[in-house]
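Reproduced below: final-v9.pdb, with PDB, C-alpha atoms, pLDDT in the B column.
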```pdb
ATOM      1  CA  GLN A   1      51.578  25.333 -10.490  1.00 65.00           C
ATOM      2  CA  LYS A   2      55.039  26.231  -9.364  1.00 88.00           C
ATOM      3  CA  GLY A   3      56.387  29.596 -10.276  1.00 94.00           C
ATOM      4  CA  SER A   4      59.504  31.292  -9.045  1.00 95.00           C
ATOM      5  CA  VAL A   5      61.432  34.518  -8.720  1.00 96.00           C
ATOM      6  CA  ALA A   6      65.119  34.124  -9.527  1.00 95.00           C
ATOM      7  CA  SER A   7      67.491  34.379  -6.613  1.00 92.00           C
ATOM      8  CA  GLY A   8      70.689  36.368  -6.524  1.00 89.00           C
ATOM      9  CA  LYS A   9      71.528  40.044  -6.814  1.00 89.00           C
ATOM     10  CA  ALA A  10      69.231  41.850  -9.228  1.00 91.00           C
ATOM     11  CA  THR A  11      68.799  45.398 -10.446  1.00 92.00           C
ATOM     12  CA  ALA A  12      65.352  44.402 -11.740  1.00 95.00           C
ATOM     13  CA  TYR A  13      63.162  41.354 -12.195  1.00 97.00           C
ATOM     14  CA  THR A  14      61.946  40.315 -15.610  1.00 97.00           C
ATOM     15  CA  LEU A  15      58.930  38.575 -17.089  1.00 98.00           C
ATOM     16  CA  PRO A  16      58.774  37.630 -20.780  1.00 97.00           C
ATOM     17  CA  ILE A  17      55.380  38.624 -22.129  1.00 97.00           C
ATOM     18  CA  ASP A  18      54.956  35.520 -24.231  1.00 96.00           C
ATOM     19  CA  SER A  19      51.674  33.966 -23.138  1.00 97.00           C
ATOM     20  CA  PRO A  20      48.137  34.893 -22.093  1.00 97.00           C
ATOM     21  CA  THR A  21      49.101  34.037 -18.512  1.00 97.00           C
ATOM     22  CA  ALA A  22      52.020  36.482 -18.666  1.00 97.00           C
ATOM     23  CA  VAL A  23      49.793  39.285 -20.017  1.00 97.00           C
ATOM     24  CA  ARG A  24      47.142  38.612 -17.364  1.00 97.00           C
ATOM     25  CA  THR A  25      49.800  38.516 -14.612  1.00 98.00           C
ATOM     26  CA  LEU A  26      51.441  41.751 -15.764  1.00 98.00           C
ATOM     27  CA  ASN A  27      48.066  43.505 -15.884  1.00 97.00           C
ATOM     28  CA  GLY A  28      47.210  42.223 -12.398  1.00 97.00           C
ATOM     29  CA  LEU A  29      50.509  43.433 -10.967  1.00 98.00           C
ATOM     30  CA  VAL A  30      50.150  46.879 -12.553  1.00 97.00           C
ATOM     31  CA  ARG A  31      46.546  47.103 -11.338  1.00 96.00           C
ATOM     32  CA  ASP A  32      47.776  46.241  -7.821  1.00 96.00           C
ATOM     33  CA  GLY A  33      50.228  49.148  -7.926  1.00 96.00           C
ATOM     34  CA  VAL A  34      53.455  47.267  -8.670  1.00 97.00           C
ATOM     35  CA  GLY A  35      55.715  49.519 -10.741  1.00 96.00           C
ATOM     36  CA  ALA A  36      56.600  48.067 -14.124  1.00 97.00           C
ATOM     37  CA  SER A  37      58.139  49.031 -17.423  1.00 96.00           C
ATOM     38  CA  VAL A  38      58.479  47.250 -20.727  1.00 96.00           C
ATOM     39  CA  ALA A  39      61.419  46.780 -23.065  1.00 94.00           C
ATOM     40  CA  GLY A  40      60.557  44.893 -26.226  1.00 92.00           C
ATOM     41  CA  SER A  41      58.493  41.908 -25.127  1.00 94.00           C
ATOM     42  CA  THR A  42      59.826  41.833 -21.561  1.00 96.00           C
ATOM     43  CA  ALA A  43      58.285  43.416 -18.485  1.00 97.00           C
ATOM     44  CA  LEU A  44      60.709  44.831 -15.926  1.00 97.00           C
ATOM     45  CA  PHE A  45      59.976  45.252 -12.211  1.00 96.00           C
ATOM     46  CA  GLY A  46      61.940  46.878  -9.410  1.00 94.00           C
ATOM     47  CA  ALA A  47      64.236  44.857  -7.162  1.00 92.00           C
ATOM     48  CA  ASP A  48      62.994  46.179  -3.814  1.00 94.00           C
ATOM     49  CA  LYS A  49      61.637  43.817  -1.143  1.00 94.00           C
ATOM     50  CA  ALA A  50      57.978  44.817  -1.515  1.00 96.00           C
ATOM     51  CA  THR A  51      58.085  44.232  -5.263  1.00 96.00           C
ATOM     52  CA  ARG A  52      59.824  40.897  -4.812  1.00 96.00           C
ATOM     53  CA  ARG A  53      57.081  39.777  -2.393  1.00 96.00           C
ATOM     54  CA  ALA A  54      54.394  40.802  -4.897  1.00 97.00           C
ATOM     55  CA  LEU A  55      56.226  38.902  -7.663  1.00 97.00           C
ATOM     56  CA  GLU A  56      56.568  35.814  -5.451  1.00 97.00           C
ATOM     57  CA  ASP A  57      52.802  35.849  -4.863  1.00 97.00           C
ATOM     58  CA  ALA A  58      52.164  36.310  -8.582  1.00 97.00           C
ATOM     59  CA  ALA A  59      54.594  33.489  -9.437  1.00 97.00           C
ATOM     60  CA  ARG A  60      52.790  31.095  -7.068  1.00 96.00           C
ATOM     61  CA  GLU A  61      49.374  32.034  -8.460  1.00 95.00           C
ATOM     62  CA  SER A  62      50.346  31.944 -12.137  1.00 96.00           C
ATOM     63  CA  GLY A  63      53.087  29.328 -12.307  1.00 96.00           C
ATOM     64  CA  LEU A  64      55.321  31.825 -14.119  1.00 97.00           C
ATOM     65  CA  ASP A  65      59.047  32.230 -13.564  1.00 97.00           C
ATOM     66  CA  PHE A  66      60.389  35.747 -13.061  1.00 98.00           C
ATOM     67  CA  GLY A  67      64.018  36.223 -14.054  1.00 96.00           C
ATOM     68  CA  ARG A  68      66.559  38.634 -12.689  1.00 94.00           C
ATOM     69  CA  LEU A  69      68.464  41.338 -14.441  1.00 92.00           C
ATOM     70  CA  PRO A  70      71.962  41.598 -12.931  1.00 85.00           C
ATOM     71  CA  SER A  71      72.909  44.720 -14.916  1.00 86.00           C
ATOM     72  CA  ALA A  72      71.196  48.061 -15.445  1.00 82.00           C
ATOM     73  CA  PRO A  73      67.763  47.945 -17.095  1.00 82.00           C
ATOM     74  CA  PRO A  74      67.705  48.986 -20.771  1.00 85.00           C
ATOM     75  CA  ALA A  75      67.660  52.739 -21.278  1.00 86.00           C
ATOM     76  CA  GLY A  76      64.679  52.496 -23.647  1.00 89.00           C
ATOM     77  CA  ALA A  77      62.365  50.769 -21.148  1.00 92.00           C
ATOM     78  CA  GLU A  78      58.981  52.488 -21.097  1.00 94.00           C
ATOM     79  CA  PRO A  79      57.074  52.770 -17.814  1.00 95.00           C
ATOM     80  CA  ILE A  80      53.603  51.253 -17.687  1.00 95.00           C
ATOM     81  CA  GLU A  81      51.431  53.858 -16.031  1.00 93.00           C
ATOM     82  CA  ARG A  82      48.224  51.811 -15.965  1.00 94.00           C
ATOM     83  CA  VAL A  83      46.527  48.859 -17.595  1.00 96.00           C
ATOM     84  CA  PRO A  84      45.347  50.077 -21.020  1.00 95.00           C
ATOM     85  CA  ARG A  85      41.601  50.564 -21.409  1.00 96.00           C
ATOM     86  CA  PHE A  86      40.008  49.448 -24.679  1.00 95.00           C
ATOM     87  CA  ALA A  87      36.912  50.375 -26.632  1.00 93.00           C
ATOM     88  CA  VAL A  88      36.040  47.394 -28.816  1.00 92.00           C
ATOM     89  CA  PHE A  89      34.117  48.176 -31.967  1.00 88.00           C
ATOM     90  CA  SER A  90      31.371  45.641 -32.459  1.00 79.00           C
ATOM     91  CA  GLU A  91      28.428  45.865 -34.771  1.00 69.00           C
ATOM     92  CA  GLN A  92      26.408  43.520 -32.588  1.00 61.00           C
ATOM     93  CA  ALA A  93      23.723  45.411 -30.707  1.00 53.00           C
ATOM     94  CA  THR A  94      21.648  43.966 -27.869  1.00 51.00           C
ATOM     95  CA  GLN A  95      18.410  44.703 -29.679  1.00 48.00           C
ATOM     96  CA  ASN A  96      17.091  46.757 -32.554  1.00 53.00           C
ATOM     97  CA  ALA A  97      14.228  48.541 -30.781  1.00 50.00           C
ATOM     98  CA  GLY A  98      13.277  49.767 -27.333  1.00 52.00           C
ATOM     99  CA  PRO A  99      15.271  51.606 -24.661  1.00 51.00           C
ATOM    100  CA  LEU A 100      18.420  49.533 -25.234  1.00 50.00           C
ATOM    101  CA  ALA A 101      18.383  49.859 -29.023  1.00 52.00           C
ATOM    102  CA  GLY A 102      21.892  50.171 -30.397  1.00 55.00           C
ATOM    103  CA  GLN A 103      23.544  49.325 -27.082  1.00 60.00           C
ATOM    104  CA  PRO A 104      26.647  47.257 -27.833  1.00 64.00           C
ATOM    105  CA  ARG A 105      26.812  43.597 -26.915  1.00 67.00           C
ATOM    106  CA  VAL A 106      29.900  41.899 -25.508  1.00 70.00           C
ATOM    107  CA  ASP A 107      31.497  40.003 -28.374  1.00 76.00           C
ATOM    108  CA  GLN A 108      34.405  37.568 -28.527  1.00 83.00           C
ATOM    109  CA  SER A 109      37.051  40.299 -28.845  1.00 87.00           C
ATOM    110  CA  THR A 110      35.764  42.102 -25.750  1.00 87.00           C
ATOM    111  CA  TRP A 111      35.662  38.827 -23.817  1.00 88.00           C
ATOM    112  CA  VAL A 112      39.242  37.918 -24.801  1.00 92.00           C
ATOM    113  CA  LEU A 113      40.622  41.312 -23.774  1.00 93.00           C
ATOM    114  CA  ARG A 114      38.829  41.060 -20.432  1.00 93.00           C
ATOM    115  CA  GLU A 115      40.223  37.555 -19.903  1.00 94.00           C
ATOM    116  CA  LEU A 116      43.715  39.002 -20.432  1.00 95.00           C
ATOM    117  CA  GLY A 117      43.096  41.507 -17.649  1.00 95.00           C
ATOM    118  CA  PHE A 118      42.338  44.575 -19.742  1.00 95.00           C
ATOM    119  CA  ASP A 119      39.401  46.891 -19.208  1.00 94.00           C
ATOM    120  CA  ALA A 120      37.378  46.539 -22.404  1.00 93.00           C
ATOM    121  CA  LYS A 121      33.967  47.857 -23.311  1.00 91.00           C
ATOM    122  CA  PRO A 122      32.086  47.183 -26.520  1.00 89.00           C
ATOM    123  CA  ILE A 123      30.773  50.050 -28.625  1.00 89.00           C
ATOM    124  CA  THR A 124      29.020  50.247 -31.965  1.00 85.00           C
ATOM    125  CA  THR A 125      29.342  53.102 -34.426  1.00 83.00           C
ATOM    126  CA  ALA A 126      25.628  53.812 -33.871  1.00 83.00           C
ATOM    127  CA  PHE A 127      26.185  54.005 -30.104  1.00 86.00           C
ATOM    128  CA  LEU A 128      29.259  56.193 -30.609  1.00 88.00           C
ATOM    129  CA  ASN A 129      27.079  58.557 -32.632  1.00 87.00           C
ATOM    130  CA  SER A 130      24.021  58.618 -30.339  1.00 86.00           C
ATOM    131  CA  SER A 131      25.409  58.308 -26.807  1.00 88.00           C
ATOM    132  CA  PRO A 132      24.854  61.472 -24.745  1.00 90.00           C
ATOM    133  CA  THR A 133      28.398  61.130 -23.362  1.00 92.00           C
ATOM    134  CA  ASP A 134      31.475  60.250 -25.379  1.00 94.00           C
ATOM    135  CA  PRO A 135      32.148  56.483 -25.029  1.00 93.00           C
ATOM    136  CA  LEU A 136      35.786  57.101 -26.008  1.00 96.00           C
ATOM    137  CA  ALA A 137      36.465  59.645 -23.250  1.00 94.00           C
ATOM    138  CA  ASP A 138      37.888  57.096 -20.808  1.00 93.00           C
ATOM    139  CA  VAL A 139      39.752  54.704 -23.118  1.00 96.00           C
ATOM    140  CA  ASP A 140      43.325  54.503 -24.371  1.00 96.00           C
ATOM    141  CA  LEU A 141      42.923  52.239 -27.401  1.00 95.00           C
ATOM    142  CA  ILE A 142      40.329  51.197 -29.922  1.00 94.00           C
ATOM    143  CA  TYR A 143      40.308  47.555 -31.000  1.00 93.00           C
ATOM    144  CA  ASN A 144      38.394  46.991 -34.208  1.00 89.00           C
ATOM    145  CA  ALA A 145      37.870  43.993 -36.447  1.00 82.00           C
ATOM    146  CA  ALA A 146      34.231  44.639 -37.295  1.00 80.00           C
ATOM    147  CA  SER A 147      33.430  48.225 -38.200  1.00 81.00           C
ATOM    148  CA  ASN A 148      33.981  50.485 -41.126  1.00 80.00           C
ATOM    149  CA  TYR A 149      34.760  54.125 -40.437  1.00 80.00           C
ATOM    150  CA  PRO A 150      31.464  56.028 -40.195  1.00 84.00           C
ATOM    151  CA  ALA A 151      30.484  57.491 -43.553  1.00 81.00           C
ATOM    152  CA  ASN A 152      31.072  61.212 -44.024  1.00 83.00           C
ATOM    153  CA  ASN A 153      27.488  62.451 -43.803  1.00 85.00           C
ATOM    154  CA  ALA A 154      25.255  64.395 -41.409  1.00 84.00           C
ATOM    155  CA  ASN A 155      23.993  61.196 -39.757  1.00 84.00           C
ATOM    156  CA  ASN A 156      27.512  60.347 -38.556  1.00 85.00           C
ATOM    157  CA  ALA A 157      28.789  63.814 -37.648  1.00 89.00           C
ATOM    158  CA  ASN A 158      28.934  63.078 -33.904  1.00 91.00           C
ATOM    159  CA  SER A 159      30.785  59.763 -34.237  1.00 91.00           C
ATOM    160  CA  ARG A 160      33.276  61.219 -36.706  1.00 90.00           C
ATOM    161  CA  ALA A 161      33.945  64.204 -34.409  1.00 93.00           C
ATOM    162  CA  ARG A 162      34.449  61.883 -31.431  1.00 95.00           C
ATOM    163  CA  LEU A 163      36.869  59.686 -33.386  1.00 93.00           C
ATOM    164  CA  ALA A 164      38.803  62.717 -34.624  1.00 92.00           C
ATOM    165  CA  ALA A 165      39.113  64.051 -31.056  1.00 95.00           C
ATOM    166  CA  PHE A 166      40.169  60.623 -29.741  1.00 95.00           C
ATOM    167  CA  PHE A 167      42.999  60.294 -32.266  1.00 93.00           C
ATOM    168  CA  ALA A 168      44.024  63.966 -31.933  1.00 94.00           C
ATOM    169  CA  ASN A 169      44.444  63.378 -28.184  1.00 94.00           C
ATOM    170  CA  GLY A 170      46.831  60.461 -28.767  1.00 94.00           C
ATOM    171  CA  GLY A 171      44.372  57.570 -28.656  1.00 94.00           C
ATOM    172  CA  GLY A 172      45.726  54.320 -30.078  1.00 94.00           C
ATOM    173  CA  TYR A 173      44.267  51.895 -32.578  1.00 92.00           C
ATOM    174  CA  VAL A 174      44.581  48.159 -33.159  1.00 92.00           C
ATOM    175  CA  GLY A 175      42.837  46.851 -36.262  1.00 88.00           C
ATOM    176  CA  GLY A 176      42.255  43.315 -37.387  1.00 84.00           C
ATOM    177  CA  GLN A 177      40.672  41.653 -40.386  1.00 83.00           C
ATOM    178  CA  LEU A 178      39.637  43.641 -43.462  1.00 81.00           C
ATOM    179  CA  ASN A 179      37.356  46.186 -41.765  1.00 79.00           C
ATOM    180  CA  GLY A 180      39.833  46.817 -38.988  1.00 80.00           C
ATOM    181  CA  ALA A 181      42.651  47.335 -41.456  1.00 82.00           C
ATOM    182  CA  ASN A 182      40.633  49.649 -43.693  1.00 83.00           C
ATOM    183  CA  PHE A 183      39.129  51.674 -40.840  1.00 82.00           C
ATOM    184  CA  LEU A 184      41.752  54.405 -40.660  1.00 77.00           C
ATOM    185  CA  THR A 185      42.327  54.503 -44.409  1.00 78.00           C
ATOM    186  CA  ASN A 186      38.627  55.190 -44.945  1.00 72.00           C
ATOM    187  CA  GLY A 187      38.468  57.814 -42.215  1.00 68.00           C
ATOM    188  CA  ALA A 188      39.242  60.743 -44.468  1.00 54.00           C
TER     189      ALA A 188
END
```

Encoding of this model in structure tokens:
Amino acid sequence: QKGSVASGKATAYTLPIDSPTAVRTLNGLVRDGVGASVAGSTALFGADKATRRALEDAARESGLDFGRLPSAPPAGAEPIERVPRFAVFSEQATQNAGPLAGQPRVDQSTWVLRELGFDAKPITTAFLNSSPTDPLADVDLIYNAASNYPANNANNANSRARLAAFFANGGGYVGGQLNGANFLTNGA
């Protein structure tokens, strides 16, 4: 794998976020403390020497090519403060009885997000309802392709309150497939 960082005068270095390798590399750089921002589907990095060295290492490891931006970065570029942390709704529990009953099991969606360099933990609606601590307290986004919104009844009061607080505090949501798409619509 041969990657590169463009030579020449730069105000910033760029990386198109157009592949799993690019996502994984961006997340690794951010996790390592390299300052980054995003404009559209392009990551932007500073042009200082320390950042360039970090990008050169990342280019060698990943085989990616980092470009250079000779003019000022776009005004609308948003800083990336940290790698987003996901809660992945899964209705697959480890077992139905015993001390681990209702504990979520790592499913394909959780595995994929982890492979892309995200922090991702599986949760079930039952676990969200019964956990003594709020499983959503330390996450930025919910990814859901499996669960319906918990029904509005006394059995789901805790999970519904936790979801309401998560969204009220600016938590994000990515839904896929029918259940994921209907999740927020059915949340009323």

Item checked: Picked residues, the PyMOL selection byres ((chain A and resi 156-169) around 9), as number ranges by chain -> A: 125-130, 134-137, 139-140, 149-155, 170-173, 187

Next item on the list: Name the closest residue to A:Gly8 among the candidates A:Leu113, A:Ala39, A:Arg82, A:Arg52; distances are taken between atoms, counting all atoms listed in the file.
Entry: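 Result for the nearest residue to A:Gly8: A:Arg52.
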
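Considering only C-alpha atoms, the residue among A:Thr133, A:Asn144, A:Ser37, A:Asn182 positioned nearest to A:Ala87 is A:Asn144.
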
Margin query: Neighbouring residues of A:Arg60 were defined as those with any atom within 10 Å, considering all atoms listed in the file; residues of the same chain fewer than 6 positions away were excluded. Please report them as a PyMOL selection string.
Written below: chain A and resi 1-5

Point (33.2, 43.5, -25.1) neighbourhood (7 Å, all atoms listed in the file) written as a PDB file with C-alpha atoms, in the coordinates of the input:
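Below is the file selection.pdb, written as the result:
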```pdb
ATOM      1  CA  VAL A  88      36.040  47.394 -28.816  1.00 92.00           C
ATOM      2  CA  ARG A 105      26.812  43.597 -26.915  1.00 67.00           C
ATOM      3  CA  VAL A 106      29.900  41.899 -25.508  1.00 70.00           C
ATOM      4  CA  ASP A 107      31.497  40.003 -28.374  1.00 76.00           C
ATOM      5  CA  GLN A 108      34.405  37.568 -28.527  1.00 83.00           C
ATOM      6  CA  SER A 109      37.051  40.299 -28.845  1.00 87.00           C
ATOM      7  CA  THR A 110      35.764  42.102 -25.750  1.00 87.00           C
ATOM      8  CA  TRP A 111      35.662  38.827 -23.817  1.00 88.00           C
ATOM      9  CA  ALA A 120      37.378  46.539 -22.404  1.00 93.00           C
ATOM     10  CA  LYS A 121      33.967  47.857 -23.311  1.00 91.00           C
ATOM     11  CA  PRO A 122      32.086  47.183 -26.520  1.00 89.00           C
TER      12      PRO A 122
END
```

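Interatomic distance, atom CA of A:Leu116 against atom CA of A:Arg24: 4.6 Å.
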
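Proximity of A:Thr25, A:Ser71, A:Thr42, A:Ser90 to A:Ala59, computed with all atoms listed in the file, is greatest for A:Thr25.
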
Residue completion, stretch 14-34 of chain A, N, CA and C atoms, as a CSV table (one decimal), in the coordinates of the input:
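Result written to out.csv:
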```
chain,number,residue,atom,x,y,z
A,14,THR,N,62.5,40.3,-14.2
A,14,THR,CA,61.9,40.3,-15.6
A,14,THR,C,60.8,39.3,-15.8
A,15,LEU,N,60.0,39.5,-16.7
A,15,LEU,CA,58.9,38.6,-17.1
A,15,LEU,C,58.7,38.7,-18.6
A,16,PRO,N,59.1,37.6,-19.3
A,16,PRO,CA,58.8,37.6,-20.8
A,16,PRO,C,57.3,37.7,-21.0
A,17,ILE,N,56.8,38.5,-21.8
A,17,ILE,CA,55.4,38.6,-22.1
A,17,ILE,C,55.1,37.8,-23.4
A,18,ASP,N,55.0,36.5,-23.1
A,18,ASP,CA,55.0,35.5,-24.2
A,18,ASP,C,53.8,34.5,-24.1
A,19,SER,N,52.8,34.9,-23.3
A,19,SER,CA,51.7,34.0,-23.1
A,19,SER,C,50.5,34.8,-22.6
A,20,PRO,N,49.3,34.2,-22.7
A,20,PRO,CA,48.1,34.9,-22.1
A,20,PRO,C,48.3,35.0,-20.6
A,21,THR,N,48.9,34.0,-20.0
A,21,THR,CA,49.1,34.0,-18.5
A,21,THR,C,50.0,35.2,-18.1
A,22,ALA,N,51.1,35.4,-18.9
A,22,ALA,CA,52.0,36.5,-18.7
A,22,ALA,C,51.3,37.8,-18.8
A,23,VAL,N,50.5,38.0,-19.8
A,23,VAL,CA,49.8,39.3,-20.0
A,23,VAL,C,48.9,39.5,-18.8
A,24,ARG,N,48.1,38.5,-18.5
A,24,ARG,CA,47.1,38.6,-17.4
A,24,ARG,C,47.9,38.9,-16.1
A,25,THR,N,49.0,38.3,-15.8
A,25,THR,CA,49.8,38.5,-14.6
A,25,THR,C,50.4,39.9,-14.6
A,26,LEU,N,50.9,40.4,-15.7
A,26,LEU,CA,51.4,41.8,-15.8
A,26,LEU,C,50.3,42.8,-15.5
A,27,ASN,N,49.2,42.6,-16.1
A,27,ASN,CA,48.1,43.5,-15.9
A,27,ASN,C,47.6,43.5,-14.4
A,28,GLY,N,47.6,42.3,-13.8
A,28,GLY,CA,47.2,42.2,-12.4
A,28,GLY,C,48.2,42.9,-11.5
A,29,LEU,N,49.5,42.8,-11.8
A,29,LEU,CA,50.5,43.4,-11.0
A,29,LEU,C,50.4,44.9,-11.1
A,30,VAL,N,50.3,45.4,-12.3
A,30,VAL,CA,50.2,46.9,-12.6
A,30,VAL,C,48.9,47.4,-11.9
A,31,ARG,N,47.8,46.7,-12.0
A,31,ARG,CA,46.5,47.1,-11.3
A,31,ARG,C,46.7,47.2,-9.8
A,32,ASP,N,47.5,46.3,-9.3
A,32,ASP,CA,47.8,46.2,-7.8
A,32,ASP,C,48.8,47.3,-7.4
A,33,GLY,N,49.3,48.1,-8.3
A,33,GLY,CA,50.2,49.1,-7.9
A,33,GLY,C,51.7,48.8,-8.0
A,34,VAL,N,52.0,47.6,-8.5
A,34,VAL,CA,53.5,47.3,-8.7
A,34,VAL,C,54.0,48.0,-9.9
```
